[in-house]
$ cat coords-v4.csv   # CSV, N, CA, C and O atoms
chain,number,residue,atom,x,y,z
A,22,MET,N,95.2,72.0,102.0
A,22,MET,CA,95.0,71.5,100.6
A,22,MET,C,96.3,71.6,99.9
A,22,MET,O,97.2,72.4,100.2
A,23,SER,N,96.5,70.7,98.9
A,23,SER,CA,97.7,70.7,98.1
A,23,SER,C,97.7,71.7,97.0
A,23,SER,O,96.7,72.5,96.8
A,24,VAL,N,98.8,71.7,96.2
A,24,VAL,CA,98.9,72.6,95.1
A,24,VAL,C,99.1,71.7,93.8
A,24,VAL,O,99.7,70.6,93.9
A,25,VAL,N,98.6,72.2,92.7
A,25,VAL,CA,98.9,71.5,91.4
A,25,VAL,C,99.8,72.4,90.7
A,25,VAL,O,99.6,73.6,90.5
A,26,VAL,N,100.9,71.8,90.2
A,26,VAL,CA,101.9,72.6,89.5
A,26,VAL,C,101.9,72.1,88.0
A,26,VAL,O,102.0,70.9,87.8
A,27,ILE,N,101.9,73.0,87.1
A,27,ILE,CA,101.9,72.7,85.7
A,27,ILE,C,103.1,73.4,85.1
A,27,ILE,O,103.2,74.6,85.2
A,28,ILE,N,103.9,72.6,84.4
A,28,ILE,CA,105.2,73.2,83.8
A,28,ILE,C,105.2,72.9,82.3
A,28,ILE,O,105.1,71.7,81.9
A,29,HIS,N,105.3,73.9,81.5
A,29,HIS,CA,105.3,73.8,80.1
A,29,HIS,C,106.8,73.9,79.7
A,29,HIS,O,107.4,74.9,79.9
A,30,PHE,N,107.3,72.8,79.0
A,30,PHE,CA,108.7,72.8,78.5
A,30,PHE,C,108.6,72.9,77.0
A,30,PHE,O,108.2,71.9,76.3
A,31,PRO,N,109.0,74.0,76.4
A,31,PRO,CA,109.0,74.1,74.9
A,31,PRO,C,110.1,73.3,74.4
A,31,PRO,O,111.2,73.3,74.8
A,32,VAL,N,109.8,72.5,73.3
A,32,VAL,CA,110.8,71.6,72.7
A,32,VAL,C,110.6,71.8,71.2
A,32,VAL,O,109.5,72.1,70.7
A,33,SER,N,111.7,71.5,70.4
A,33,SER,CA,111.6,71.6,69.0
A,33,SER,C,111.0,70.4,68.3
A,33,SER,O,110.4,70.5,67.3
A,34,ASP,N,111.1,69.3,69.0
A,34,ASP,CA,110.6,68.0,68.4
A,34,ASP,C,110.0,67.2,69.5
A,34,ASP,O,110.8,66.6,70.3
A,35,VAL,N,108.7,67.1,69.6
A,35,VAL,CA,108.1,66.3,70.7
A,35,VAL,C,108.5,64.9,70.7
A,35,VAL,O,108.8,64.3,71.7
A,36,ALA,N,108.5,64.2,69.5
A,36,ALA,CA,108.9,62.8,69.4
A,36,ALA,C,110.3,62.6,70.0
A,36,ALA,O,110.5,61.6,70.8
A,37,LYS,N,111.2,63.4,69.7
A,37,LYS,CA,112.6,63.3,70.2
A,37,LYS,C,112.6,63.6,71.7
A,37,LYS,O,113.4,63.0,72.4
A,38,ALA,N,111.8,64.5,72.2
A,38,ALA,CA,111.7,64.8,73.6
A,38,ALA,C,111.2,63.6,74.4
A,38,ALA,O,111.8,63.2,75.4
A,39,VAL,N,110.2,63.0,73.8
A,39,VAL,CA,109.6,61.8,74.5
A,39,VAL,C,110.7,60.7,74.5
A,39,VAL,O,110.9,59.9,75.5
A,40,ALA,N,111.4,60.5,73.4
A,40,ALA,CA,112.5,59.5,73.3
A,40,ALA,C,113.5,59.8,74.3
A,40,ALA,O,114.1,58.9,75.0
A,41,GLY,N,113.8,61.1,74.5
A,41,GLY,CA,114.8,61.5,75.6
A,41,GLY,C,114.4,61.1,76.9
A,41,GLY,O,115.2,60.6,77.8
A,42,LEU,N,113.1,61.2,77.2
A,42,LEU,CA,112.5,60.7,78.5
A,42,LEU,C,112.7,59.2,78.7
A,42,LEU,O,113.1,58.8,79.7
A,43,HIS,N,112.4,58.5,77.6
A,43,HIS,CA,112.6,57.0,77.7
A,43,HIS,C,114.0,56.6,77.9
A,43,HIS,O,114.3,55.6,78.5
A,44,GLU,N,114.9,57.3,77.2
A,44,GLU,CA,116.4,57.0,77.4
A,44,GLU,C,116.8,57.3,78.8
A,44,GLU,O,117.8,56.7,79.3
A,45,LYS,N,116.2,58.2,79.5
A,45,LYS,CA,116.5,58.5,80.9
A,45,LYS,C,115.6,57.8,81.9
A,45,LYS,O,115.4,58.3,83.0
A,46,ALA,N,114.9,56.7,81.5
A,46,ALA,CA,113.9,56.1,82.3
A,46,ALA,C,114.4,55.8,83.8
A,46,ALA,O,113.7,56.2,84.7
A,47,SER,N,115.5,55.2,84.0
A,47,SER,CA,115.9,54.8,85.3
A,47,SER,C,116.3,56.1,86.1
A,47,SER,O,116.0,56.2,87.3
A,48,PHE,N,116.8,57.1,85.4
A,48,PHE,CA,117.1,58.4,86.1
A,48,PHE,C,115.9,59.1,86.5
A,48,PHE,O,115.8,59.6,87.7
A,49,LEU,N,114.8,59.1,85.7
A,49,LEU,CA,113.6,59.7,86.0
A,49,LEU,C,112.9,59.0,87.2
A,49,LEU,O,112.3,59.6,88.1
A,50,GLU,N,113.0,57.7,87.2
A,50,GLU,CA,112.4,56.9,88.3
A,50,GLU,C,113.1,57.2,89.6
A,50,GLU,O,112.5,57.3,90.7
A,51,GLU,N,114.4,57.4,89.5
A,51,GLU,CA,115.2,57.7,90.7
A,51,GLU,C,114.8,59.1,91.3
A,51,GLU,O,114.6,59.3,92.5
A,52,ILE,N,114.6,60.1,90.4
A,52,ILE,CA,114.1,61.4,90.8
A,52,ILE,C,112.7,61.3,91.4
A,52,ILE,O,112.5,61.9,92.5
A,53,SER,N,111.8,60.6,90.8
A,53,SER,CA,110.5,60.5,91.4
A,53,SER,C,110.5,59.8,92.7
A,53,SER,O,109.8,60.2,93.6
A,54,GLU,N,111.3,58.8,92.9
A,54,GLU,CA,111.4,58.1,94.2
A,54,GLU,C,111.9,59.1,95.3
A,54,GLU,O,111.4,59.1,96.4
A,55,SER,N,112.9,59.9,94.9
A,55,SER,CA,113.4,60.9,95.9
A,55,SER,C,112.4,61.9,96.3
A,55,SER,O,112.6,62.5,97.4
A,56,THR,N,111.4,62.2,95.5
A,56,THR,CA,110.5,63.3,95.8
A,56,THR,C,109.3,62.8,96.7
A,56,THR,O,108.6,63.6,97.3
A,57,LYS,N,109.2,61.5,96.9
A,57,LYS,CA,108.1,61.0,97.7
A,57,LYS,C,108.1,61.5,99.1
A,57,LYS,O,107.1,61.8,99.7
A,58,GLY,N,109.3,61.6,99.7
A,58,GLY,CA,109.4,62.1,101.0
A,58,GLY,C,109.6,63.6,101.1
A,58,GLY,O,109.7,64.2,102.1
A,59,ALA,N,109.5,64.3,99.9
A,59,ALA,CA,109.7,65.7,99.8
A,59,ALA,C,108.5,66.5,99.6
A,59,ALA,O,108.5,67.7,99.3
A,60,GLY,N,107.3,65.8,99.6
A,60,GLY,CA,106.0,66.5,99.5
A,60,GLY,C,105.3,66.3,98.2
A,60,GLY,O,104.2,66.8,98.0
A,61,MET,N,105.9,65.5,97.2
A,61,MET,CA,105.1,65.3,96.0
A,61,MET,C,104.2,64.1,96.1
A,61,MET,O,104.5,63.1,96.7
A,62,HIS,N,102.9,64.3,95.6
A,62,HIS,CA,101.9,63.3,95.6
A,62,HIS,C,101.7,62.6,94.3
A,62,HIS,O,101.5,61.4,94.2
A,63,ARG,N,101.8,63.4,93.2
A,63,ARG,CA,101.6,62.9,91.8
A,63,ARG,C,102.5,63.6,90.9
A,63,ARG,O,102.9,64.7,91.1
A,64,HIS,N,102.8,62.8,89.8
A,64,HIS,CA,103.7,63.4,88.7
A,64,HIS,C,103.3,62.7,87.4
A,64,HIS,O,103.2,61.5,87.4
A,65,GLN,N,103.2,63.5,86.4
A,65,GLN,CA,102.8,63.0,85.1
A,65,GLN,C,103.3,63.9,84.0
A,65,GLN,O,103.3,65.1,84.1
A,66,PHE,N,103.9,63.3,82.9
A,66,PHE,CA,104.2,64.0,81.7
A,66,PHE,C,103.1,63.8,80.7
A,66,PHE,O,102.5,62.8,80.6
A,67,VAL,N,102.8,64.9,80.0
A,67,VAL,CA,101.9,64.9,78.8
A,67,VAL,C,102.6,65.7,77.7
A,67,VAL,O,103.5,66.4,78.0
A,68,SER,N,102.1,65.5,76.5
A,68,SER,CA,102.7,66.2,75.4
A,68,SER,C,101.6,67.0,74.7
A,68,SER,O,100.5,66.7,74.7
A,69,GLY,N,102.1,68.1,74.0
A,69,GLY,CA,101.2,69.0,73.3
A,69,GLY,C,102.0,69.4,72.0
A,69,GLY,O,103.0,68.9,71.7
A,70,ASP,N,101.5,70.4,71.4
A,70,ASP,CA,102.1,71.0,70.2
A,70,ASP,C,103.3,71.7,70.5
A,70,ASP,O,103.3,72.8,71.0
A,71,GLY,N,104.5,71.1,70.3
A,71,GLY,CA,105.8,71.8,70.5
A,71,GLY,C,106.1,71.9,72.0
A,71,GLY,O,107.0,72.7,72.3
A,72,GLU,N,105.6,71.0,72.8
A,72,GLU,CA,105.9,71.1,74.2
A,72,GLU,C,105.7,69.8,74.9
A,72,GLU,O,104.8,69.0,74.5
A,73,LEU,N,106.4,69.6,76.0
A,73,LEU,CA,106.1,68.6,77.0
A,73,LEU,C,105.6,69.3,78.2
A,73,LEU,O,106.0,70.5,78.5
A,74,VAL,N,104.6,68.7,78.9
A,74,VAL,CA,104.0,69.4,80.0
A,74,VAL,C,104.1,68.4,81.2
A,74,VAL,O,103.9,67.2,81.0
A,75,VAL,N,104.5,68.9,82.3
A,75,VAL,CA,104.5,68.1,83.6
A,75,VAL,C,103.3,68.6,84.4
A,75,VAL,O,103.1,69.8,84.6
A,76,ILE,N,102.6,67.7,85.0
A,76,ILE,CA,101.5,68.0,85.9
A,76,ILE,C,101.8,67.3,87.2
A,76,ILE,O,101.9,66.1,87.2
A,77,ASP,N,102.1,68.1,88.2
A,77,ASP,CA,102.4,67.5,89.5
A,77,ASP,C,101.4,68.0,90.6
A,77,ASP,O,100.7,69.0,90.4
A,78,GLU,N,101.4,67.2,91.6
A,78,GLU,CA,100.6,67.6,92.8
A,78,GLU,C,101.6,67.6,94.0
A,78,GLU,O,102.2,66.5,94.2
A,79,TRP,N,101.7,68.7,94.7
A,79,TRP,CA,102.6,68.8,95.9
A,79,TRP,C,101.9,69.2,97.1
A,79,TRP,O,100.8,69.8,97.0
A,80,GLU,N,102.4,68.9,98.3
A,80,GLU,CA,101.8,69.4,99.5
A,80,GLU,C,101.8,70.9,99.6
A,80,GLU,O,100.7,71.5,99.9
A,81,THR,N,102.9,71.6,99.2
A,81,THR,CA,103.0,73.0,99.2
A,81,THR,C,103.7,73.5,98.0
A,81,THR,O,104.6,72.8,97.4
A,82,ALA,N,103.5,74.7,97.6
A,82,ALA,CA,104.3,75.4,96.5
A,82,ALA,C,105.7,75.5,96.9
A,82,ALA,O,106.6,75.3,96.1
A,83,GLU,N,106.0,75.7,98.2
A,83,GLU,CA,107.4,75.9,98.6
A,83,GLU,C,108.2,74.6,98.5
A,83,GLU,O,109.3,74.6,98.1
A,84,GLN,N,107.5,73.5,98.8
A,84,GLN,CA,108.2,72.2,98.6
A,84,GLN,C,108.5,71.9,97.1
A,84,GLN,O,109.6,71.5,96.8
A,85,PHE,N,107.6,72.2,96.2
A,85,PHE,CA,107.9,72.1,94.8
A,85,PHE,C,109.1,73.0,94.4
A,85,PHE,O,110.0,72.6,93.8
A,86,GLN,N,109.0,74.3,94.8
A,86,GLN,CA,110.0,75.2,94.4
A,86,GLN,C,111.4,74.8,94.9
A,86,GLN,O,112.4,74.9,94.2
A,87,SER,N,111.4,74.3,96.1
A,87,SER,CA,112.7,73.8,96.7
A,87,SER,C,113.3,72.7,95.9
A,87,SER,O,114.5,72.7,95.6
A,88,PHE,N,112.4,71.8,95.5
A,88,PHE,CA,112.8,70.6,94.7
A,88,PHE,C,113.3,71.1,93.3
A,88,PHE,O,114.4,70.8,92.9
A,89,PHE,N,112.5,72.0,92.7
A,89,PHE,CA,112.8,72.4,91.3
A,89,PHE,C,114.1,73.2,91.3
A,89,PHE,O,114.9,73.0,90.4
A,90,ASP,N,114.3,74.1,92.2
A,90,ASP,CA,115.4,75.0,92.2
A,90,ASP,C,116.7,74.4,92.8
A,90,ASP,O,117.8,74.7,92.3
A,91,GLY,N,116.5,73.4,93.7
A,91,GLY,CA,117.7,72.9,94.4
A,91,GLY,C,118.2,71.5,93.9
A,91,GLY,O,119.0,70.9,94.5
A,92,ASN,N,117.6,71.0,92.8
A,92,ASN,CA,118.0,69.7,92.4
A,92,ASN,C,118.7,69.7,91.0
A,92,ASN,O,118.0,70.0,90.0
A,93,PRO,N,120.0,69.5,90.9
A,93,PRO,CA,120.7,69.6,89.6
A,93,PRO,C,120.2,68.5,88.6
A,93,PRO,O,120.3,68.7,87.4
A,94,LYS,N,119.5,67.5,89.1
A,94,LYS,CA,118.9,66.5,88.2
A,94,LYS,C,117.8,67.0,87.3
A,94,LYS,O,117.6,66.6,86.2
A,95,VAL,N,117.1,68.0,87.8
A,95,VAL,CA,116.1,68.7,87.0
A,95,VAL,C,116.7,69.3,85.8
A,95,VAL,O,116.1,69.1,84.7
A,96,ALA,N,117.8,70.0,85.9
A,96,ALA,CA,118.4,70.6,84.7
A,96,ALA,C,118.9,69.5,83.7
A,96,ALA,O,118.8,69.7,82.5
A,97,GLU,N,119.3,68.4,84.2
A,97,GLU,CA,119.8,67.3,83.3
A,97,GLU,C,118.6,66.8,82.5
A,97,GLU,O,118.7,66.5,81.3
A,98,VAL,N,117.5,66.6,83.2
A,98,VAL,CA,116.3,66.1,82.5
A,98,VAL,C,115.8,67.1,81.4
A,98,VAL,O,115.6,66.8,80.3
A,99,MET,N,115.8,68.4,81.8
A,99,MET,CA,115.4,69.5,80.8
A,99,MET,C,116.4,69.5,79.6
A,99,MET,O,115.9,69.6,78.5
A,100,SER,N,117.6,69.2,79.9
A,100,SER,CA,118.6,69.2,78.8
A,100,SER,C,118.3,68.0,77.9
A,100,SER,O,118.4,68.1,76.6
A,101,SER,N,117.9,66.8,78.4
A,101,SER,CA,117.7,65.6,77.7
A,101,SER,C,116.5,65.7,76.8
A,101,SER,O,116.4,64.9,75.8
A,102,VAL,N,115.6,66.6,77.0
A,102,VAL,CA,114.4,66.7,76.2
A,102,VAL,C,114.5,67.7,75.1
A,102,VAL,O,113.6,67.9,74.3
A,103,GLY,N,115.6,68.4,75.0
A,103,GLY,CA,115.9,69.4,74.0
A,103,GLY,C,115.0,70.6,74.1
A,103,GLY,O,114.4,71.1,73.1
A,104,MET,N,115.0,71.2,75.3
A,104,MET,CA,114.2,72.4,75.5
A,104,MET,C,114.7,73.6,74.6
A,104,MET,O,115.9,73.7,74.3
A,105,THR,N,113.8,74.4,74.1
A,105,THR,CA,114.1,75.5,73.2
A,105,THR,C,113.9,76.8,73.9
A,105,THR,O,114.1,77.9,73.3
A,106,GLY,N,113.5,76.8,75.1
A,106,GLY,CA,113.3,78.1,75.9
A,106,GLY,C,113.1,77.7,77.3
A,106,GLY,O,113.2,76.6,77.8
A,107,GLU,N,112.9,78.8,78.1
A,107,GLU,CA,112.6,78.6,79.5
A,107,GLU,C,111.3,77.9,79.8
A,107,GLU,O,110.3,78.2,79.1
A,108,PRO,N,111.2,77.0,80.8
A,108,PRO,CA,109.9,76.5,81.2
A,108,PRO,C,109.0,77.5,81.8
A,108,PRO,O,109.4,78.5,82.3
A,109,VAL,N,107.7,77.3,81.6
A,109,VAL,CA,106.7,78.2,82.1
A,109,VAL,C,106.0,77.4,83.2
A,109,VAL,O,105.4,76.4,83.0
A,110,ILE,N,106.1,77.9,84.5
A,110,ILE,CA,105.5,77.2,85.6
A,110,ILE,C,104.3,78.0,86.2
A,110,ILE,O,104.4,79.2,86.4
A,111,SER,N,103.2,77.2,86.4
A,111,SER,CA,102.0,77.8,87.0
A,111,SER,C,101.7,76.9,88.2
A,111,SER,O,101.8,75.7,88.2
A,112,VAL,N,101.3,77.6,89.3
A,112,VAL,CA,101.0,76.9,90.6
A,112,VAL,C,99.5,77.2,90.9
A,112,VAL,O,99.2,78.4,90.9
A,113,PHE,N,98.7,76.2,91.2
A,113,PHE,CA,97.3,76.4,91.5
A,113,PHE,C,97.0,75.7,92.8
A,113,PHE,O,97.5,74.6,93.1
A,114,GLU,N,96.2,76.3,93.6
A,114,GLU,CA,95.7,75.7,94.8
A,114,GLU,C,94.6,74.7,94.5
A,114,GLU,O,93.6,75.1,93.8
A,115,ALA,N,94.7,73.5,95.0
A,115,ALA,CA,93.7,72.5,94.8
A,115,ALA,C,92.5,72.9,95.7
A,115,ALA,O,92.6,73.3,96.8
A,116,LEU,N,91.3,72.7,95.1
A,116,LEU,CA,90.0,73.0,95.8
A,116,LEU,C,89.3,71.7,96.1
A,116,LEU,O,89.2,70.8,95.3
A,117,ASN,N,88.6,71.7,97.2
A,117,ASN,CA,87.8,70.6,97.6
A,117,ASN,C,86.4,71.0,97.2
A,117,ASN,O,85.5,71.3,98.0
A,118,ALA,N,86.1,71.1,95.9
A,118,ALA,CA,84.8,71.6,95.4
A,118,ALA,C,83.9,70.4,95.0
A,118,ALA,O,84.3,69.3,94.7
A,119,PRO,N,82.6,70.7,95.1
A,119,PRO,CA,81.6,69.6,94.7
A,119,PRO,C,81.9,69.1,93.3
A,119,PRO,O,82.3,69.9,92.4
A,120,GLY,N,81.8,67.8,93.1
A,120,GLY,CA,82.1,67.2,91.8
A,120,GLY,C,83.6,66.8,91.6
A,120,GLY,O,83.9,66.2,90.6
A,121,THR,N,84.4,67.1,92.5
A,121,THR,CA,85.8,66.7,92.4
A,121,THR,C,86.0,65.2,92.5
A,121,THR,O,85.4,64.5,93.3
A,122,VAL,N,86.8,64.7,91.6
A,122,VAL,CA,87.1,63.2,91.5
A,122,VAL,C,88.6,63.1,91.8
A,122,VAL,O,89.4,63.8,91.1
A,123,SER,N,89.0,62.3,92.8
A,123,SER,CA,90.4,62.1,93.0
A,123,SER,C,90.7,60.6,93.0
A,123,SER,O,90.0,59.8,93.0
$ encode --input "coords-v4.csv" --output "structure tokens"
Amino acid sequence: MSVVVIIHFPVSDVAKAVAGLHEKASFLEEISESTKGAGMHRHQFVSGDGELVVIDEWETAEQFQSFFDGNPKVAEVMSSVGMTGEPVISVFEALNAPGTVS
């Protein structure tokens, strides 16, 4: 089974953070393309009160951690959204439970 990774990025201004993502659109597409062969299945940004949140699905937690720790482009993206603190990362094992929709 795969893992679901949820990363909370605290930001001072959500609208500016989203604008920063749009300004880096081609850069973000390049990063996403490079992860396809590295174990990532899905990737999505969502926003909340004072934060951007990334929801990813990876083959393994180790593949995610290798990408996140070993890719200088991740730090550049975090900088472009105006983070105000360290990201909070949670990793969950995906379950093949009754009622699951994929």
$ closest_residue --input "coords-v4.csv" --among "A:Met104, A:Leu116, A:Ala46, A:Val35" --to "Gly71 in chain A" --atoms "only C-alpha atoms"
A:Val35
$ select_by_dssp --input "coords-v4.csv" --residues "chain A" --states "alpha helix (DSSP H)" --output "compact mmCIF listing (two decimals) with N, CA, C and O atoms, in the frame of the given file"
# COMPACT_ATOMS: atom_id res chain seq x y z
N VAL A 35 108.70 67.10 69.60
CA VAL A 35 108.10 66.30 70.70
C VAL A 35 108.50 64.90 70.70
O VAL A 35 108.80 64.30 71.70
N ALA A 36 108.50 64.20 69.50
CA ALA A 36 108.90 62.80 69.40
C ALA A 36 110.30 62.60 70.00
O ALA A 36 110.50 61.60 70.80
N LYS A 37 111.20 63.40 69.70
CA LYS A 37 112.60 63.30 70.20
C LYS A 37 112.60 63.60 71.70
O LYS A 37 113.40 63.00 72.40
N ALA A 38 111.80 64.50 72.20
CA ALA A 38 111.70 64.80 73.60
C ALA A 38 111.20 63.60 74.40
O ALA A 38 111.80 63.20 75.40
N VAL A 39 110.20 63.00 73.80
CA VAL A 39 109.60 61.80 74.50
C VAL A 39 110.70 60.70 74.50
O VAL A 39 110.90 59.90 75.50
N ALA A 40 111.40 60.50 73.40
CA ALA A 40 112.50 59.50 73.30
C ALA A 40 113.50 59.80 74.30
O ALA A 40 114.10 58.90 75.00
N GLY A 41 113.80 61.10 74.50
CA GLY A 41 114.80 61.50 75.60
C GLY A 41 114.40 61.10 76.90
O GLY A 41 115.20 60.60 77.80
N LEU A 42 113.10 61.20 77.20
CA LEU A 42 112.50 60.70 78.50
C LEU A 42 112.70 59.20 78.70
O LEU A 42 113.10 58.80 79.70
N HIS A 43 112.40 58.50 77.60
CA HIS A 43 112.60 57.00 77.70
C HIS A 43 114.00 56.60 77.90
O HIS A 43 114.30 55.60 78.50
N GLU A 44 114.90 57.30 77.20
CA GLU A 44 116.40 57.00 77.40
C GLU A 44 116.80 57.30 78.80
O GLU A 44 117.80 56.70 79.30
N ALA A 46 114.90 56.70 81.50
CA ALA A 46 113.90 56.10 82.30
C ALA A 46 114.40 55.80 83.80
O ALA A 46 113.70 56.20 84.70
N SER A 47 115.50 55.20 84.00
CA SER A 47 115.90 54.80 85.30
C SER A 47 116.30 56.10 86.10
O SER A 47 116.00 56.20 87.30
N PHE A 48 116.80 57.10 85.40
CA PHE A 48 117.10 58.40 86.10
C PHE A 48 115.90 59.10 86.50
O PHE A 48 115.80 59.60 87.70
N LEU A 49 114.80 59.10 85.70
CA LEU A 49 113.60 59.70 86.00
C LEU A 49 112.90 59.00 87.20
O LEU A 49 112.30 59.60 88.10
N GLU A 50 113.00 57.70 87.20
CA GLU A 50 112.40 56.90 88.30
C GLU A 50 113.10 57.20 89.60
O GLU A 50 112.50 57.30 90.70
N GLU A 51 114.40 57.40 89.50
CA GLU A 51 115.20 57.70 90.70
C GLU A 51 114.80 59.10 91.30
O GLU A 51 114.60 59.30 92.50
N ILE A 52 114.60 60.10 90.40
CA ILE A 52 114.10 61.40 90.80
C ILE A 52 112.70 61.30 91.40
O ILE A 52 112.50 61.90 92.50
N SER A 53 111.80 60.60 90.80
CA SER A 53 110.50 60.50 91.40
C SER A 53 110.50 59.80 92.70
O SER A 53 109.80 60.20 93.60
N GLU A 54 111.30 58.80 92.90
CA GLU A 54 111.40 58.10 94.20
C GLU A 54 111.90 59.10 95.30
O GLU A 54 111.40 59.10 96.40
N SER A 55 112.90 59.90 94.90
CA SER A 55 113.40 60.90 95.90
C SER A 55 112.40 61.90 96.30
O SER A 55 112.60 62.50 97.40
N THR A 56 111.40 62.20 95.50
CA THR A 56 110.50 63.30 95.80
C THR A 56 109.30 62.80 96.70
O THR A 56 108.60 63.60 97.30
N ALA A 82 103.50 74.70 97.60
CA ALA A 82 104.30 75.40 96.50
C ALA A 82 105.70 75.50 96.90
O ALA A 82 106.60 75.30 96.10
N GLU A 83 106.00 75.70 98.20
CA GLU A 83 107.40 75.90 98.60
C GLU A 83 108.20 74.60 98.50
O GLU A 83 109.30 74.60 98.10
N GLN A 84 107.50 73.50 98.80
CA GLN A 84 108.20 72.20 98.60
C GLN A 84 108.50 71.90 97.10
O GLN A 84 109.60 71.50 96.80
N PHE A 85 107.60 72.20 96.20
CA PHE A 85 107.90 72.10 94.80
C PHE A 85 109.10 73.00 94.40
O PHE A 85 110.00 72.60 93.80
N GLN A 86 109.00 74.30 94.80
CA GLN A 86 110.00 75.20 94.40
C GLN A 86 111.40 74.80 94.90
O GLN A 86 112.40 74.90 94.20
N SER A 87 111.40 74.30 96.10
CA SER A 87 112.70 73.80 96.70
C SER A 87 113.30 72.70 95.90
O SER A 87 114.50 72.70 95.60
N PHE A 88 112.40 71.80 95.50
CA PHE A 88 112.80 70.60 94.70
C PHE A 88 113.30 71.10 93.30
O PHE A 88 114.40 70.80 92.90
N PHE A 89 112.50 72.00 92.70
CA PHE A 89 112.80 72.40 91.30
C PHE A 89 114.10 73.20 91.30
O PHE A 89 114.90 73.00 90.40
N ASP A 90 114.30 74.10 92.20
CA ASP A 90 115.40 75.00 92.20
C ASP A 90 116.70 74.40 92.80
O ASP A 90 117.80 74.70 92.30
N GLY A 91 116.50 73.40 93.70
CA GLY A 91 117.70 72.90 94.40
C GLY A 91 118.20 71.50 93.90
O GLY A 91 119.00 70.90 94.50
N PRO A 93 120.00 69.50 90.90
CA PRO A 93 120.70 69.60 89.60
C PRO A 93 120.20 68.50 88.60
O PRO A 93 120.30 68.70 87.40
N LYS A 94 119.50 67.50 89.10
CA LYS A 94 118.90 66.50 88.20
C LYS A 94 117.80 67.00 87.30
O LYS A 94 117.60 66.60 86.20
N VAL A 95 117.10 68.00 87.80
CA VAL A 95 116.10 68.70 87.00
C VAL A 95 116.70 69.30 85.80
O VAL A 95 116.10 69.10 84.70
N ALA A 96 117.80 70.00 85.90
CA ALA A 96 118.40 70.60 84.70
C ALA A 96 118.90 69.50 83.70
O ALA A 96 118.80 69.70 82.50
N GLU A 97 119.30 68.40 84.20
CA GLU A 97 119.80 67.30 83.30
C GLU A 97 118.60 66.80 82.50
O GLU A 97 118.70 66.50 81.30
N VAL A 98 117.50 66.60 83.20
CA VAL A 98 116.30 66.10 82.50
C VAL A 98 115.80 67.10 81.40
O VAL A 98 115.60 66.80 80.30
N MET A 99 115.80 68.40 81.80
CA MET A 99 115.40 69.50 80.80
C MET A 99 116.40 69.50 79.60
O MET A 99 115.90 69.60 78.50
N SER A 100 117.60 69.20 79.90
CA SER A 100 118.60 69.20 78.80
C SER A 100 118.30 68.00 77.90
O SER A 100 118.40 68.10 76.60
N SER A 101 117.90 66.80 78.40
CA SER A 101 117.70 65.60 77.70
C SER A 101 116.50 65.70 76.80
O SER A 101 116.40 64.90 75.80
$ atom_distance --input "coords-v4.csv" --atom1 "CA of Asn92 in chain A" --atom2 "CA of Ile52 in chain A"
9.3 Å
$ closest_residue --input "coords-v4.csv" --among "A:Pro119, A:Phe85, A:Trp79, A:Ile28" --to "Phe66 in chain A" --atoms "all atoms listed in the file"
A:Ile28
$ select_by_dssp --input "coords-v4.csv" --residues "chain A" --states "strand (DSSP E)" --output "ChimeraX atom specification"
/A:24-31,61-69,72-79,109-114
$ closest_residue --input "coords-v4.csv" --among "A:Val24, A:Ala118, A:Ala40, A:Val95" --to "Ala82 in chain A" --atoms "only N, CA, C and O atoms"
A:Val24
$ atom_distance --input "coords-v4.csv" --atom1 "atom C of Gly69 in chain A" --atom2 "CA of Pro31 in chain A"
8.9 Å
$ atom_distance --input "coords-v4.csv" --atom1 "atom N of Met99 in chain A" --atom2 "atom O of Phe113 in chain A"
22.4 Å
$ closest_residue --input "coords-v4.csv" --among "A:Ala38, A:Val112, A:Val25, A:Val122" --to "Glu72 in chain A" --atoms "only N, CA, C and O atoms"
A:Ala38
$ closest_residue --input "coords-v4.csv" --among "A:Ser33, A:Thr56, A:Ser100, A:Asn117" --to "Gln84 in chain A" --atoms "only N, CA, C and O atoms"
A:Thr56
$ closest_residue --input "coords-v4.csv" --among "A:Gln86, A:Ser101, A:Ser68, A:Ser23" --to "Lys45 in chain A" --atoms "all atoms listed in the file"
A:Ser101
$ residues_around --input "coords-v4.csv" --residues "Glu78 in chain A" --least-positions-apart "6" --cutoff "7 Å" --atoms "only N, CA, C and O atoms" --output "list in words"
Ser23, Val24, Val25, Val26, Gly60, Met61, His62, Arg63, His64 and Gln65 of chain A
$ residues_around --input "coords-v4.csv" --residues "Ile27 in chain A" --least-positions-apart "5" --cutoff "9 Å" --atoms "only C-alpha atoms" --output "number ranges by chain"
A: 74-78, 109-113
